[in-house]
file query_29.txt (compact mmCIF, C-alpha atoms)
# COMPACT_ATOMS: atom_id res chain seq x y z
CA ASP L 8 0.02 -14.25 -40.34
CA ASN L 9 -3.20 -12.21 -40.27
CA SER L 10 -2.22 -10.26 -37.14
CA ALA L 11 1.07 -9.15 -38.75
CA VAL L 12 -0.78 -8.07 -41.89
CA GLN L 13 -3.30 -6.11 -39.80
CA ARG L 14 -0.50 -4.37 -37.87
CA GLN L 15 1.27 -3.47 -41.12
CA SER L 16 -1.99 -2.13 -42.53
CA LEU L 17 -2.52 0.06 -39.46
CA TRP L 18 1.02 1.44 -39.72
CA GLU L 19 0.55 2.17 -43.42
CA LYS L 20 -2.70 3.96 -42.71
CA SER L 21 -1.09 6.01 -39.95
CA TYR L 22 1.74 7.13 -42.25
CA VAL L 23 -0.70 7.99 -45.02
CA PHE L 24 -2.78 9.98 -42.56
CA ARG L 25 0.30 11.79 -41.24
CA ASP L 26 1.40 12.73 -44.75
CA ASP L 27 -2.10 13.94 -45.57
CA VAL L 28 -2.19 16.09 -42.43
CA GLN L 29 1.18 17.64 -43.28
CA LYS L 30 0.08 18.41 -46.85
CA ARG L 31 -3.22 19.92 -45.70
CA TRP L 32 -1.48 21.96 -42.99
CA LYS L 33 1.05 23.43 -45.41
CA SER L 34 -1.64 24.26 -47.97
CA ALA L 35 -4.00 25.67 -45.30
CA GLU L 36 -6.74 23.31 -46.46
CA PHE L 37 -7.80 22.75 -42.86
CA ASP L 38 -8.73 26.43 -42.53
CA ALA L 39 -11.03 26.11 -45.53
CA LEU L 40 -12.37 22.75 -44.41
CA LEU L 41 -13.12 23.39 -40.76
CA PHE L 42 -12.99 27.06 -39.96
CA GLU L 43 -14.47 28.84 -42.96
CA ALA L 44 -17.40 30.12 -40.86
CA ALA L 45 -15.38 31.19 -37.84
CA THR L 46 -13.11 34.07 -36.94
CA SER L 47 -9.63 33.42 -35.56
CA VAL L 48 -9.60 30.15 -33.65
CA LEU L 49 -7.87 30.41 -30.27
CA CYS L 50 -8.23 26.88 -28.92
CA VAL L 51 -9.11 23.39 -30.14
CA HIS L 52 -9.97 20.19 -28.30
CA GLN L 53 -10.53 16.89 -30.07
CA HIS L 54 -12.63 14.16 -28.44
CA GLU L 55 -13.54 11.00 -30.32
CA ARG L 56 -15.27 12.23 -33.50
CA PHE L 57 -15.71 15.84 -32.33
CA ALA L 58 -13.40 18.83 -32.77
CA VAL L 59 -14.41 21.73 -30.51
CA CYS L 60 -13.01 25.16 -31.39
CA GLY L 61 -13.19 28.41 -29.45
CA SER L 62 -12.80 31.69 -31.31
CA ARG L 63 -12.22 35.40 -30.83
CA ASP L 64 -15.85 36.28 -31.49
CA GLY L 65 -17.02 34.29 -28.44
CA ARG L 66 -18.46 31.40 -30.44
CA ILE L 67 -17.71 27.72 -29.94
CA CYS L 68 -17.94 25.59 -33.08
CA VAL L 69 -18.23 21.80 -32.97
CA TYR L 70 -17.19 19.84 -36.07
CA ASP L 71 -17.24 16.25 -37.22
CA VAL L 72 -13.57 15.26 -37.42
CA ASP L 73 -14.01 12.90 -40.35
CA SER L 74 -16.02 15.15 -42.66
CA GLY L 75 -15.29 18.65 -41.38
CA VAL L 76 -19.04 19.31 -41.28
CA PRO L 77 -20.09 21.82 -38.57
CA LEU L 78 -22.46 20.16 -36.09
CA HIS L 79 -23.15 22.88 -33.52
CA VAL L 80 -22.47 26.56 -32.93
CA LEU L 81 -22.58 27.46 -29.22
CA ILE L 82 -23.26 31.13 -28.51
CA GLY L 83 -23.15 32.74 -25.08
CA HIS L 84 -19.70 34.10 -24.28
CA THR L 85 -19.23 37.83 -24.83
CA ASP L 86 -15.46 37.77 -25.35
CA TRP L 87 -12.65 35.50 -26.58
CA VAL L 88 -13.02 31.79 -25.84
CA ARG L 89 -9.58 30.83 -24.54
CA ALA L 90 -10.07 27.16 -23.58
CA VAL L 91 -12.46 24.32 -24.40
CA THR L 92 -12.63 20.71 -23.30
CA VAL L 93 -15.12 17.87 -23.56
CA LEU L 94 -16.01 16.51 -20.13
CA ARG L 95 -15.10 12.86 -19.84
CA HIS L 96 -17.87 10.29 -20.21
CA SER L 97 -20.45 12.88 -21.18
CA SER L 98 -21.77 14.98 -24.05
CA ARG L 99 -20.90 18.23 -22.29
CA VAL L 100 -18.37 20.88 -23.28
CA LEU L 101 -16.61 23.13 -20.76
CA SER L 102 -15.40 26.51 -22.01
CA ALA L 103 -13.43 29.39 -20.50
CA SER L 104 -13.52 32.96 -21.75
CA SER L 105 -12.03 36.41 -21.46
CA ASP L 106 -15.46 37.51 -20.21
CA GLY L 107 -14.44 35.99 -16.84
CA SER L 108 -16.81 33.02 -16.96
CA LEU L 109 -16.77 29.29 -17.54
CA ARG L 110 -19.77 27.63 -19.15
CA VAL L 111 -20.94 24.05 -19.51
CA TRP L 112 -22.81 23.16 -22.71
CA ASP L 113 -24.86 20.06 -23.48
CA LEU L 114 -24.31 18.90 -27.06
CA HIS L 115 -27.48 16.81 -26.90
CA SER L 116 -29.62 19.83 -26.07
CA SER L 117 -31.74 20.97 -28.99
CA ALA L 118 -31.30 24.60 -27.91
CA HIS L 119 -27.47 24.30 -27.91
CA ASP L 120 -27.46 26.68 -24.96
CA TRP L 121 -25.21 26.64 -21.92
CA VAL L 122 -26.64 24.72 -18.96
CA THR L 123 -24.29 25.89 -16.20
CA GLN L 124 -22.27 29.07 -15.67
CA LEU L 125 -19.32 29.29 -13.29
CA HIS L 126 -18.68 32.95 -12.64
CA SER L 127 -16.30 34.28 -10.00
CA HIS L 128 -13.11 35.50 -11.70
CA THR L 129 -12.57 39.23 -12.04
CA GLU L 130 -10.37 38.99 -15.16
CA ALA L 131 -10.07 36.77 -18.23
CA VAL L 132 -10.08 33.00 -17.68
CA SER L 133 -7.05 31.73 -19.56
CA SER L 134 -7.20 27.97 -19.01
CA VAL L 135 -9.17 25.20 -17.35
CA GLY L 136 -8.30 21.74 -16.04
CA GLN L 137 -10.82 19.03 -15.25
CA HIS L 138 -11.01 15.59 -13.65
CA GLU L 139 -14.40 13.99 -13.00
CA ASN L 140 -16.43 16.65 -11.12
CA LEU L 141 -13.36 18.72 -10.24
CA VAL L 142 -12.66 21.83 -12.33
CA VAL L 143 -9.73 24.20 -11.78
CA SER L 144 -9.75 27.52 -13.64
CA ALA L 145 -6.75 29.79 -14.20
CA SER L 146 -7.14 33.51 -14.66
CA LEU L 147 -5.29 36.72 -15.30
CA ASP L 148 -6.73 37.90 -11.95
CA CYS L 149 -3.74 35.95 -10.48
CA THR L 150 -5.84 33.17 -8.93
CA LEU L 151 -6.79 29.55 -9.39
CA ARG L 152 -10.39 28.76 -8.55
CA VAL L 153 -11.59 25.28 -7.71
CA TRP L 154 -15.11 24.16 -8.62
CA ASP L 155 -17.32 21.14 -8.01
CA LEU L 156 -19.61 20.62 -11.00
CA ARG L 157 -22.25 19.14 -8.69
CA THR L 158 -22.49 22.47 -6.80
CA PRO L 159 -21.26 25.08 -9.30
CA ALA L 160 -22.79 28.22 -7.80
CA ARG L 161 -19.50 29.31 -6.25
CA PRO L 162 -15.90 28.05 -6.13
CA THR L 163 -14.91 25.75 -3.29
CA GLN L 164 -11.41 27.27 -3.16
CA ILE L 165 -9.80 30.52 -4.29
CA LEU L 166 -6.04 30.16 -4.44
CA PRO L 167 -3.68 33.14 -4.88
CA ALA L 168 -1.33 31.60 -7.42
CA HIS L 169 0.89 33.77 -9.63
CA PRO L 170 1.24 37.52 -9.04
CA GLY L 171 1.73 38.14 -12.76
CA GLY L 172 -1.42 36.23 -13.78
CA VAL L 173 -2.07 32.51 -14.31
CA CYS L 174 -1.74 31.38 -17.92
CA ASP L 175 -2.28 27.63 -17.80
CA VAL L 176 -3.35 24.85 -15.42
CA HIS L 177 -3.19 21.07 -15.59
CA VAL L 178 -5.10 18.64 -13.34
CA ASP L 179 -3.24 15.34 -13.02
CA ALA L 180 -5.69 12.44 -13.22
CA ALA L 181 -3.13 9.87 -12.05
CA ALA L 182 -1.91 11.72 -8.96
CA PRO L 183 -3.53 14.25 -6.59
CA LEU L 184 -1.62 17.13 -8.18
CA VAL L 185 -2.43 20.34 -10.00
CA VAL L 186 0.27 22.21 -11.93
CA SER L 187 -0.09 25.90 -12.81
CA CYS L 188 2.11 28.37 -14.62
CA GLY L 189 2.19 32.10 -15.12
CA GLY L 190 4.10 35.26 -14.34
CA GLY L 191 5.96 36.33 -11.22
CA LEU L 192 6.92 39.78 -10.05
CA GLY L 193 9.64 40.22 -12.65
CA GLY L 194 13.37 39.78 -12.40
CA ALA L 195 14.57 36.24 -11.86
CA ARG L 196 11.03 35.10 -11.05
CA GLY L 197 9.46 36.29 -14.26
CA ALA L 198 8.06 32.84 -15.06
CA LEU L 199 6.76 30.52 -12.37
CA VAL L 200 5.54 26.93 -12.32
CA SER L 201 3.74 25.78 -9.17
CA VAL L 202 2.74 22.26 -8.10
CA TRP L 203 -0.30 21.97 -5.79
CA ASP L 204 -1.60 19.15 -3.60
CA ARG L 205 -5.30 18.95 -4.51
CA ARG L 206 -6.17 17.03 -1.34
CA MET L 207 -5.26 19.97 0.92
CA TRP L 208 -4.99 22.69 -1.76
CA ARG L 209 -1.57 23.82 -0.69
CA PRO L 210 1.50 24.52 -2.86
CA LEU L 211 4.18 21.82 -2.80
CA HIS L 212 6.85 23.33 -5.07
CA SER L 213 7.51 26.39 -7.17
CA PHE L 214 10.04 26.62 -9.99
CA ALA L 215 11.40 29.71 -11.68
CA ALA L 216 12.08 29.57 -15.41
CA VAL L 217 14.38 32.20 -16.93
CA PRO L 218 15.39 32.17 -20.61
CA ALA L 219 19.03 32.13 -21.59
CA GLY L 220 19.08 35.89 -22.17
CA GLY L 221 17.96 36.49 -18.58
CA VAL L 222 14.97 38.64 -19.59
CA ALA L 223 11.94 37.87 -17.42
CA GLU L 224 8.85 36.64 -19.25
CA PRO L 225 5.77 34.68 -18.17
CA CYS L 226 5.22 31.00 -18.73
CA ARG L 227 2.54 30.44 -21.37
CA MET L 228 1.80 26.72 -21.29
CA VAL L 229 2.46 23.68 -19.11
CA VAL L 230 2.38 19.98 -20.03
CA VAL L 231 2.62 17.20 -17.45
CA LYS L 232 3.66 13.60 -18.16
CA SER L 233 4.14 11.28 -15.17
CA SER L 234 6.35 13.31 -12.83
CA VAL L 235 7.86 15.51 -15.56
CA VAL L 236 6.63 19.08 -16.09
CA VAL L 237 7.44 20.95 -19.30
CA CYS L 238 6.64 24.65 -19.47
CA ALA L 239 6.94 26.93 -22.49
CA LEU L 240 7.71 30.63 -22.21
CA TYR L 241 6.27 33.21 -24.58
CA SER L 242 9.57 33.08 -26.47
CA ALA L 243 8.87 29.34 -27.02
CA THR L 244 11.81 28.42 -24.76
CA PRO L 245 10.99 25.08 -23.05
CA HIS L 246 11.94 24.30 -19.45
CA VAL L 247 11.73 20.84 -17.90
CA PHE L 248 11.19 20.14 -14.19
CA ASP L 249 10.60 17.05 -12.04
CA THR L 250 7.71 17.27 -9.58
call {"tool": "encode", "arguments": {"input": "query_29.txt", "output": "structure tokens"}}
result
Amino acid sequence: DNSAVQRQSLWEKSYVFRDDVQKRWKSAEFDALLFEAATSVLCVHQHERFAVCGSRDGRICVYDVDSGVPLHVLIGHTDWVRAVTVLRHSSRVLSASSDGSLRVWDLHSSAHDWVTQLHSHTEAVSSVGQHENLVVSASLDCTLRVWDLRTPARPTQILPAHPGGVCDVHVDAAAPLVVSCGGGLGGARGALVSVWDRRMWRPLHSFAAVPAGGVAEPCRMVVVKSSVVVCALYSATPHVFDT
């Protein structure tokens, strides 16, 4: 029937697209297509037809996913842009930088300038999580800072998180949880993953992740799916926990 033909067509298109991506990746065509005007890209976020890239020179480049055509160049950060995300249900981009600040940009603004600056961290901001008006920033100053985009002048909470610096943070949209990861004080607690209750902003659990060789190293990235937390160490060793 027609529905079966449509489903088959979609599957065929997805496989063709996958093969095309693999070929382009191996031949580095994507670098030429999307990033020819940018220095080293540190982070990418894709939202609908936009690809938003943060780079080492402090610029944020916005591209059309289908054509690779650059749409906007956002200039304002004075150091590496380490994280970017498109705020849900809006035309705004949230960025985090090694200059210690977070900035909100309006893609519909003709000036392409930042409209809000969130500045409180004393070291590089390494990651940012967002849900509706809630923003949680992670920093190498060893803290998580909680912001309300409706009143962004100062953070609503400053949470001492990981004594070796906070590398990544995830805000769970389905449950009132925030998961952070970073470094401990060395030894067996070289890599830490912490789960926070965002209703009371208190830690619920902390997990230590130690690679097979026993050498302490910080946790670089955390991914959350349902109640499962996967963290990756700098050595690319994955660890899986249940919240």
call {"tool": "residues_around", "arguments": {"input": "query_29.txt", "residues": "Cys149 of chain L", "least_positions_apart": "4", "cutoff": "6 Å", "atoms": "all atoms listed in the file", "output": "ChimeraX atom specification"}}
result
/L:168-170,172-173
call {"tool": "closest_residue", "arguments": {"input": "query_29.txt", "among": "L:Leu109, L:His177, L:Asp120, L:Ser134", "to": "Trp154 of chain L", "atoms": "only C-alpha atoms"}}
result
L:Leu109
call {"tool": "atom_distance", "arguments": {"input": "query_29.txt", "atom1": "atom CA of Gln137 of chain L", "atom2": "atom CA of Arg110 of chain L"}}
result
13.0 Å
call {"tool": "residues_near_point", "arguments": {"input": "query_29.txt", "point": "(-18.0, 32.9, -29.2)", "cutoff": "9 Å", "atoms": "all atoms listed in the file", "output": "PyMOL selection string"}}
result
chain L and resi 61-68+80-88+104
call {"tool": "closest_residue", "arguments": {"input": "query_29.txt", "among": "L:Leu184, L:Val236, L:Leu125, L:Ala131", "to": "Pro159 of chain L", "atoms": "all atoms listed in the file"}}
result
L:Leu125
call {"tool": "closest_residue", "arguments": {"input": "query_29.txt", "among": "L:Ser116, L:Thr158, L:Ser187, L:Ser105", "to": "Leu141 of chain L", "atoms": "only C-alpha atoms"}}
result
L:Thr158
call {"tool": "closest_residue", "arguments": {"input": "query_29.txt", "among": "L:Cys226, L:Cys50, L:Val135, L:Val153", "to": "Gly171 of chain L", "atoms": "only C-alpha atoms"}}
result
L:Cys226
call {"tool": "closest_residue", "arguments": {"input": "query_29.txt", "among": "L:Ala145, L:Val132, L:Val185, L:Ala103", "to": "Arg209 of chain L", "atoms": "only C-alpha atoms"}}
result
L:Val185
call {"tool": "atom_distance", "arguments": {"input": "query_29.txt", "atom1": "atom CA of Val93 of chain L", "atom2": "atom CA of Thr129 of chain L"}}
result
24.4 Å
call {"tool": "residues_around", "arguments": {"input": "query_29.txt", "residues": "Val51 of chain L", "least_positions_apart": "2", "cutoff": "7 Å", "atoms": "all atoms listed in the file", "output": "list in words"}}
result
Gln53, Ala58, Val59, Cys60, Gly61 and Val91 of chain L
call {"tool": "atom_distance", "arguments": {"input": "query_29.txt", "atom1": "atom CA of Val186 of chain L", "atom2": "atom CA of Val202 of chain L"}}
result
4.6 Å
call {"tool": "residues_near_point", "arguments": {"input": "query_29.txt", "point": "(-13.6, 19.0, -37.7)", "cutoff": "6 Å", "atoms": "only C-alpha atoms", "output": "PDB file with C-alpha atoms, keeping the file's coordinate frame"}}
result
ATOM      1  CA  LEU L  41     -13.120  23.390 -40.760  1.00  0.00           C
ATOM      2  CA  ALA L  58     -13.400  18.830 -32.770  1.00  0.00           C
ATOM      3  CA  TYR L  70     -17.190  19.840 -36.070  1.00  0.00           C
ATOM      4  CA  ASP L  71     -17.240  16.250 -37.220  1.00  0.00           C
ATOM      5  CA  VAL L  72     -13.570  15.260 -37.420  1.00  0.00           C
ATOM      6  CA  GLY L  75     -15.290  18.650 -41.380  1.00  0.00           C
TER       7      GLY L  75
END
call {"tool": "closest_residue", "arguments": {"input": "query_29.txt", "among": "L:Asp148, L:Glu130, L:Asp73, L:Glu55", "to": "Gly190 of chain L", "atoms": "only C-alpha atoms"}}
result
L:Asp148
